[in-house]
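Undergrad: This is final.pdb, which holds PDB, C-alpha atoms:
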```pdb
ATOM      1  CA  MET D   1       0.000   0.000   0.000
ATOM      2  CA  ARG D   2       2.550   2.578  -1.136
ATOM      3  CA  SER D   3       1.392   4.410  -4.263
ATOM      4  CA  ARG D   4      -1.139   7.203  -3.930
ATOM      5  CA  LYS D   5      -3.684   8.563  -6.403
ATOM      6  CA  ALA D   6      -5.948  11.606  -6.173
ATOM      7  CA  VAL D   7      -9.245  10.150  -7.374
ATOM      8  CA  LEU D   8     -12.650  10.988  -5.946
ATOM      9  CA  LEU D   9     -15.446   8.459  -6.431
ATOM     10  CA  VAL D  10     -19.099   8.869  -5.522
ATOM     11  CA  SER D  11     -19.244   5.219  -4.490
ATOM     12  CA  ASP D  12     -16.628   2.518  -4.105
ATOM     13  CA  PRO D  13     -17.344  -0.632  -6.131
ATOM     14  CA  TRP D  14     -14.503  -2.411  -4.370
ATOM     15  CA  MET D  15     -16.439  -2.339  -1.097
ATOM     16  CA  ASP D  16     -19.467  -3.948  -2.745
ATOM     17  CA  GLU D  17     -17.727  -6.593  -4.849
ATOM     18  CA  ASN D  18     -14.605  -7.540  -2.861
ATOM     19  CA  ALA D  19     -15.582  -7.212   0.796
ATOM     20  CA  ALA D  20     -13.769 -10.450   1.714
ATOM     21  CA  ILE D  21     -10.497  -9.470  -0.028
ATOM     22  CA  PRO D  22      -7.994  -7.118   1.659
ATOM     23  CA  PRO D  23      -7.436  -4.010  -0.490
ATOM     24  CA  LYS D  24      -4.062  -3.433  -2.117
ATOM     25  CA  ASP D  25      -4.065   0.320  -1.723
ATOM     26  CA  TYR D  26      -6.091   3.367  -0.741
ATOM     27  CA  ASN D  27      -6.874   6.617  -2.524
ATOM     28  CA  LEU D  28      -7.199   9.973  -0.808
ATOM     29  CA  VAL D  29      -7.921  13.456  -2.167
ATOM     30  CA  VAL D  30      -6.161  16.415  -0.533
ATOM     31  CA  PRO D  31      -6.466  20.128  -1.362
ATOM     32  CA  ASP D  32      -4.182  21.770  -3.893
ATOM     33  CA  GLY D  33      -1.444  23.423  -1.904
ATOM     34  CA  TRP D  34      -0.850  20.516   0.480
ATOM     35  CA  PHE D  35       2.729  19.342   0.036
ATOM     36  CA  LYS D  36       3.218  15.575   0.116
ATOM     37  CA  LEU D  37       6.238  14.549   2.182
ATOM     38  CA  PRO D  38       7.090  10.845   1.842
ATOM     39  CA  LEU D  39       8.446   9.457   5.102
ATOM     40  CA  ASP D  40      10.673   6.735   3.690
ATOM     41  CA  PRO D  41      14.249   7.706   4.679
ATOM     42  CA  GLU D  42      15.456   7.486   1.074
ATOM     43  CA  ALA D  43      13.035  10.164  -0.099
ATOM     44  CA  ARG D  44      12.151  12.410   2.824
ATOM     45  CA  ASP D  45      15.316  14.555   3.007
ATOM     46  CA  ARG D  46      15.008  15.601  -0.650
ATOM     47  CA  SER D  47      11.362  16.487  -0.080
ATOM     48  CA  ILE D  48      12.169  18.509   3.045
ATOM     49  CA  VAL D  49      14.752  20.542   1.117
ATOM     50  CA  ALA D  50      12.264  21.089  -1.720
ATOM     51  CA  LEU D  51       9.576  22.270   0.710
ATOM     52  CA  ALA D  52      11.950  24.633   2.518
ATOM     53  CA  GLU D  53      13.115  26.101  -0.782
ATOM     54  CA  ARG D  54       9.492  26.714  -1.779
ATOM     55  CA  GLN D  55       8.463  28.260   1.536
ATOM     56  CA  PHE D  56      11.507  30.529   1.834
ATOM     57  CA  SER D  57      11.762  31.527  -1.817
ATOM     58  CA  GLY D  58      12.792  35.191  -1.984
ATOM     59  CA  MET D  59      13.556  35.349   1.756
ATOM     60  CA  ASP D  60      17.354  35.523   1.743
ATOM     61  CA  ASN D  61      17.364  37.226   5.147
ATOM     62  CA  ALA D  62      15.990  34.218   7.081
ATOM     63  CA  PRO D  63      18.615  31.441   6.790
ATOM     64  CA  HIS D  64      18.482  30.547  10.485
ATOM     65  CA  LEU D  65      14.692  30.225  10.466
ATOM     66  CA  LYS D  66      14.901  28.099   7.332
ATOM     67  CA  GLU D  67      17.420  25.773   8.996
ATOM     68  CA  GLN D  68      15.258  25.553  12.108
ATOM     69  CA  VAL D  69      12.192  24.657  10.044
ATOM     70  CA  MET D  70      14.163  21.958   8.212
ATOM     71  CA  ARG D  71      15.403  20.481  11.499
ATOM     72  CA  GLU D  72      11.857  20.419  12.883
ATOM     73  CA  LEU D  73      10.585  18.756   9.710
ATOM     74  CA  GLN D  74      13.342  16.155   9.810
ATOM     75  CA  LYS D  75      12.561  15.316  13.424
ATOM     76  CA  THR D  76       8.814  15.203  12.760
ATOM     77  CA  ALA D  77       9.279  12.994   9.693
ATOM     78  CA  LYS D  78      11.673  10.628  11.466
ATOM     79  CA  ASP D  79       9.413  10.238  14.515
ATOM     80  CA  ALA D  80       6.353   9.709  12.312
ATOM     81  CA  TYR D  81       8.112   7.046  10.234
ATOM     82  CA  GLN D  82       9.252   5.151  13.322
ATOM     83  CA  ALA D  83       5.647   5.175  14.581
ATOM     84  CA  GLY D  84       4.312   3.645  11.359
ATOM     85  CA  GLY D  85       3.771   6.774   9.274
ATOM     86  CA  ILE D  86       3.954   6.398   5.521
ATOM     87  CA  GLU D  87       3.295   9.910   4.261
ATOM     88  CA  LEU D  88       2.851  13.407   5.644
ATOM     89  CA  TYR D  89       0.945  16.243   3.983
ATOM     90  CA  LEU D  90       1.746  19.839   4.976
ATOM     91  CA  SER D  91      -0.353  22.823   3.966
ATOM     92  CA  THR D  92       1.369  25.600   2.044
ATOM     93  CA  LEU D  93      -1.902  27.517   1.620
ATOM     94  CA  THR D  94      -2.285  31.129   2.749
ATOM     95  CA  ILE D  95      -5.020  33.742   3.107
ATOM     96  CA  GLY D  96      -3.230  36.965   2.301
ATOM     97  CA  SER D  97      -0.114  36.784   4.445
ATOM     98  CA  LEU D  98      -1.642  34.294   6.923
ATOM     99  CA  PRO D  99      -0.334  30.728   6.507
ATOM    100  CA  LEU D 100      -3.104  28.133   6.817
ATOM    101  CA  SER D 101      -0.900  25.839   8.848
ATOM    102  CA  SER D 102      -2.169  22.268   8.972
ATOM    103  CA  SER D 103      -0.947  18.731   8.442
ATOM    104  CA  LEU D 104      -2.141  15.215   7.712
ATOM    105  CA  LEU D 105      -0.205  12.138   8.760
ATOM    106  CA  VAL D 106      -1.252   8.816   7.253
ATOM    107  CA  SER D 107       0.031   5.803   9.152
ATOM    108  CA  PHE D 108      -0.352   2.125   9.868
ATOM    109  CA  PRO D 109      -0.079   1.654  13.657
ATOM    110  CA  MET D 110       2.835  -0.400  14.893
ATOM    111  CA  PRO D 111       2.091  -3.960  16.116
ATOM    112  CA  GLY D 112       0.679  -3.977  19.637
ATOM    113  CA  THR D 113      -0.499  -0.372  19.599
ATOM    114  CA  MET D 114      -4.127  -1.241  18.778
ATOM    115  CA  PRO D 115      -6.335  -3.480  20.946
ATOM    116  CA  SER D 116      -6.216  -7.134  19.896
ATOM    117  CA  SER D 117      -9.210  -8.332  17.853
ATOM    118  CA  ALA D 118     -10.245  -4.692  17.683
ATOM    119  CA  ASN D 119     -13.279  -3.329  15.882
ATOM    120  CA  VAL D 120     -14.575   0.220  15.772
ATOM    121  CA  HIS D 121     -16.573  -0.299  18.980
ATOM    122  CA  THR D 122     -13.656  -1.620  21.074
ATOM    123  CA  VAL D 123     -11.336   1.084  19.755
ATOM    124  CA  ALA D 124     -13.931   3.748  20.549
ATOM    125  CA  GLU D 125     -14.358   2.420  24.092
ATOM    126  CA  THR D 126     -10.593   2.415  24.619
ATOM    127  CA  LEU D 127     -10.224   5.977  23.339
ATOM    128  CA  ARG D 128     -13.094   7.232  25.500
ATOM    129  CA  ARG D 129     -10.863   6.750  28.541
ATOM    130  CA  SER D 130      -9.048   9.904  27.440
ATOM    131  CA  ASP D 131     -10.336  13.483  27.409
ATOM    132  CA  ALA D 132     -10.937  13.435  23.656
ATOM    133  CA  ASP D 133     -14.335  13.613  21.959
ATOM    134  CA  ILE D 134     -14.909  10.154  20.430
ATOM    135  CA  THR D 135     -17.594   9.316  17.878
ATOM    136  CA  LEU D 136     -18.365   6.518  15.444
ATOM    137  CA  VAL D 137     -18.747   7.719  11.862
ATOM    138  CA  THR D 138     -19.301   6.255   8.410
ATOM    139  CA  LEU D 139     -16.965   7.340   5.639
ATOM    140  CA  THR D 140     -18.807   7.346   2.323
ATOM    141  CA  ALA D 141     -16.486   4.937   0.496
ATOM    142  CA  ALA D 142     -14.360   3.429   3.274
ATOM    143  CA  GLY D 143     -16.955   2.281   5.798
ATOM    144  CA  ARG D 144     -17.153   2.663   9.570
ATOM    145  CA  ALA D 145     -14.424   4.487  11.461
ATOM    146  CA  VAL D 146     -13.657   6.011  14.841
ATOM    147  CA  ARG D 147     -13.256   9.796  14.932
ATOM    148  CA  GLU D 148     -11.222  11.398  17.702
ATOM    149  CA  PHE D 149     -11.322  15.157  18.273
ATOM    150  CA  ARG D 150      -9.241  17.000  20.814
ATOM    151  CA  THR D 151      -7.646  20.354  21.586
ATOM    152  CA  ASP D 152      -4.233  20.461  23.240
ATOM    153  CA  ALA D 153      -2.440  23.327  24.946
ATOM    154  CA  ALA D 154       0.313  25.032  22.967
ATOM    155  CA  SER D 155       3.919  23.874  23.226
ATOM    156  CA  PRO D 156       5.984  26.864  22.045
ATOM    157  CA  SER D 157       9.305  25.072  22.543
ATOM    158  CA  THR D 158       8.392  22.380  20.005
ATOM    159  CA  GLN D 159       6.086  24.365  17.683
ATOM    160  CA  LEU D 160       8.326  27.191  16.514
ATOM    161  CA  GLY D 161       6.959  29.553  19.156
ATOM    162  CA  ASN D 162       3.269  28.857  18.560
ATOM    163  CA  GLU D 163       1.253  29.919  21.603
ATOM    164  CA  LEU D 164      -2.222  28.861  20.420
ATOM    165  CA  PRO D 165      -3.933  25.550  21.210
ATOM    166  CA  THR D 166      -3.555  22.769  18.636
ATOM    167  CA  THR D 167      -6.661  21.092  17.250
ATOM    168  CA  THR D 168      -6.312  17.436  16.231
ATOM    169  CA  VAL D 169      -8.758  15.169  14.417
ATOM    170  CA  LYS D 170      -7.905  11.483  14.007
ATOM    171  CA  TYR D 171      -9.703   8.834  12.033
ATOM    172  CA  TYR D 172      -9.087   5.189  12.910
ATOM    173  CA  VAL D 173     -10.212   3.141   9.915
ATOM    174  CA  PRO D 174     -10.215  -0.688   9.889
ATOM    175  CA  ILE D 175      -8.817  -2.149   6.675
ATOM    176  CA  PRO D 176     -11.428  -4.533   5.231
ATOM    177  CA  ALA D 177     -10.736  -8.274   5.503
ATOM    178  CA  ALA D 178      -7.466  -7.592   7.349
ATOM    179  CA  ASP D 179      -6.433  -7.331  10.987
ATOM    180  CA  GLU D 180      -4.928  -3.910  10.312
ATOM    181  CA  TRP D 181      -5.857  -0.256  10.646
ATOM    182  CA  LEU D 182      -5.166   2.952   8.798
ATOM    183  CA  ILE D 183      -4.975   6.177  10.800
ATOM    184  CA  MET D 184      -5.413   9.671   9.392
ATOM    185  CA  SER D 185      -4.224  12.313  11.840
ATOM    186  CA  PHE D 186      -5.068  15.931  10.992
ATOM    187  CA  SER D 187      -3.692  18.839  13.011
ATOM    188  CA  THR D 188      -3.728  22.641  12.990
ATOM    189  CA  PRO D 189      -2.470  25.344  15.393
ATOM    190  CA  LEU D 190      -4.901  27.907  13.927
ATOM    191  CA  ASP D 191      -7.227  28.120  16.891
ATOM    192  CA  PRO D 192      -9.259  31.101  15.531
ATOM    193  CA  LEU D 193      -9.991  29.076  12.370
ATOM    194  CA  ALA D 194     -10.279  25.691  14.058
ATOM    195  CA  LYS D 195     -13.928  25.151  13.133
ATOM    196  CA  GLN D 196     -13.293  25.814   9.444
ATOM    197  CA  MET D 197     -10.141  23.679   9.421
ATOM    198  CA  VAL D 198     -11.947  20.767  11.085
ATOM    199  CA  GLY D 199     -14.591  20.981   8.368
ATOM    200  CA  LEU D 200     -11.825  20.687   5.776
ATOM    201  CA  PHE D 201     -10.267  17.734   7.621
ATOM    202  CA  ASP D 202     -13.589  15.905   7.706
ATOM    203  CA  ALA D 203     -14.064  16.513   3.985
ATOM    204  CA  VAL D 204     -10.620  15.086   3.177
ATOM    205  CA  ALA D 205     -11.237  12.038   5.369
ATOM    206  CA  GLY D 206     -14.475  11.464   3.492
ATOM    207  CA  THR D 207     -12.583  10.943   0.228
ATOM    208  CA  LEU D 208     -10.772   7.843   1.512
ATOM    209  CA  HIS D 209     -11.575   4.687  -0.414
ATOM    210  CA  TRP D 210      -9.977   1.295  -0.938
ATOM    211  CA  THR D 211      -8.707  -0.177  -4.196
TER
END
```
Go through the file and emit its structure as structure tokens.

TA:
Amino acid sequence: MRSRKAVLLVSDPWMDENAAIPPKDYNLVVPDGWFKLPLDPEARDRSIVALAERQFSGMDNAPHLKEQVMRELQKTAKDAYQAGGIELYLSTLTIGSLPLSSSLLVSFPMPGTMPSSANVHTVAETLRRSDADITLVTLTAAGRAVREFRTDAASPSTQLGNELPTTTVKYYVPIPAADEWLIMSFSTPLDPLAKQMVGLFDAVAGTLHWT
């Protein structure tokens, strides 16, 4: 499950015709302006350099900030990969001069991190022990999933000085006919626009379908 395609289907014939066969891949549609950062060590460093060059184009007076951003991205990408992440999307969108900072991490959880013989109900019950808002949802083409919503206090030392709360939305999606899960983890530090960003996250999650 490595290649990715941006294809949006109204319905997913795979779900109807091959429910007993594990899918080979998934498709997911993300907005234009979200930069795809592969997490495989052989590819991620080149992508980080490319992203930094794009974001700091024409800003020759900010080399230290550029280096800091690259270090943070390298650490984030390395940690995500070690935790089962396969790709990371980072928003490069802006409204005027305001960056619409947000991210999406797609991952397969490491063995032992999900409850054994888990289904959406057992995962939801486990997650409800935390302070997050947990709901069961149905994704149009990917089936039932667990949605986790939470807001965390800012961590300026690890978020390039951000002092606003971070909003996170996670979708835990069981892979059909397989004892595996796919997790989509959306995040934004834009607390004043959190409601709008969550709406965008939910829309992106709704495009997930199996192939």

Undergrad: For the structure shown, which residues end up in the PyMOL selection byres ((chain D and resi 23) around 8)? Put them as an mmCIF file with C-alpha atoms, in the coordinates of the input, please?

TA:
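Contents of the output file out.cif:
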```
data_model
loop_
_atom_site.group_PDB
_atom_site.id
_atom_site.type_symbol
_atom_site.label_atom_id
_atom_site.label_comp_id
_atom_site.auth_asym_id
_atom_site.auth_seq_id
_atom_site.Cartn_x
_atom_site.Cartn_y
_atom_site.Cartn_z
ATOM 1 C CA ILE D 21 -10.497 -9.470 -0.028
ATOM 2 C CA PRO D 22 -7.994 -7.118 1.659
ATOM 3 C CA LYS D 24 -4.062 -3.433 -2.117
ATOM 4 C CA ASP D 25 -4.065 0.320 -1.723
ATOM 5 C CA TYR D 26 -6.091 3.367 -0.741
ATOM 6 C CA ILE D 175 -8.817 -2.149 6.675
ATOM 7 C CA PRO D 176 -11.428 -4.533 5.231
ATOM 8 C CA TRP D 210 -9.977 1.295 -0.938
ATOM 9 C CA THR D 211 -8.707 -0.177 -4.196
#
```

Undergrad: Let me make sure I understand: among D:Leu190, D:Leu28, D:Val69, D:Ile48, which one has the smallest atom-to-atom distance to Ala142 of chain D if we use only C-alpha atoms?

TA: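 That would be D:Leu28, the residue with the smallest distance to Ala142 of chain D.
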
Undergrad: Please identify all polymer residues within 10 Å of Pro174 of chain D, counting only C-alpha atoms, omitting same-chain residues fewer than 3 positions from it, and present them as a count of residues only.

TA: 16

Undergrad: I need the residue set behind the PyMOL selection byres ((chain D and resi 133) around 12) for this file; please write it as a VMD selection string.

TA: chain D and resid 124 to 125 127 to 132 134 to 136 146 to 151 167 to 171

Undergrad: Work out how far atom CA of Pro165 of chain D is from atom CA of Leu139 of chain D, in Å to one decimal.

TA: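 According to the coordinates, atom CA of Leu139 of chain D and atom CA of Pro165 of chain D are separated by 27.3 Å.
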
Undergrad: Can you give me, as a PyMOL selection string, the residues this file yields under the PyMOL selection byres ((chain D and resi 90) around 10)?

TA: chain D and resi 33-37+51+88-89+91-93+100-105+186-187

Undergrad: Go ahead and find all residues with at least one atom no further than 12 Å from (8.1, 8.8, 11.9) in the file's coordinates, using all atoms listed in the file; report them as a ChimeraX atom specification.

TA: /D:37-41,44,73-88,105-110

Undergrad: Distance atom CA of Met197 of chain D-atom CA of Ile95 of chain D, one decimal place?

TA: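 Distance between the two atoms: 12.9 Å.
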
Undergrad: Distance atom CA of Thr138 of chain D-atom CA of Asp202 of chain D, one decimal place?

TA: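 Atom CA of Thr138 of chain D sits 11.2 Å away from atom CA of Asp202 of chain D.
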
Undergrad: Return the single residue from D:Val49, D:Pro189, D:Gln55, D:Ala141 that is closest to Leu164 of chain D, with distances computed using all atoms listed in the file.

TA: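 Using all atoms listed in the file, Leu164 of chain D sits closest to D:Pro189.
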
Undergrad: Which is closer to Thr207 of chain D than all the others in D:Val30, D:Glu42, D:Gly112, D:Asp191, using all atoms listed in the file?

TA: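 Smallest distance to Thr207 of chain D is found for D:Val30.
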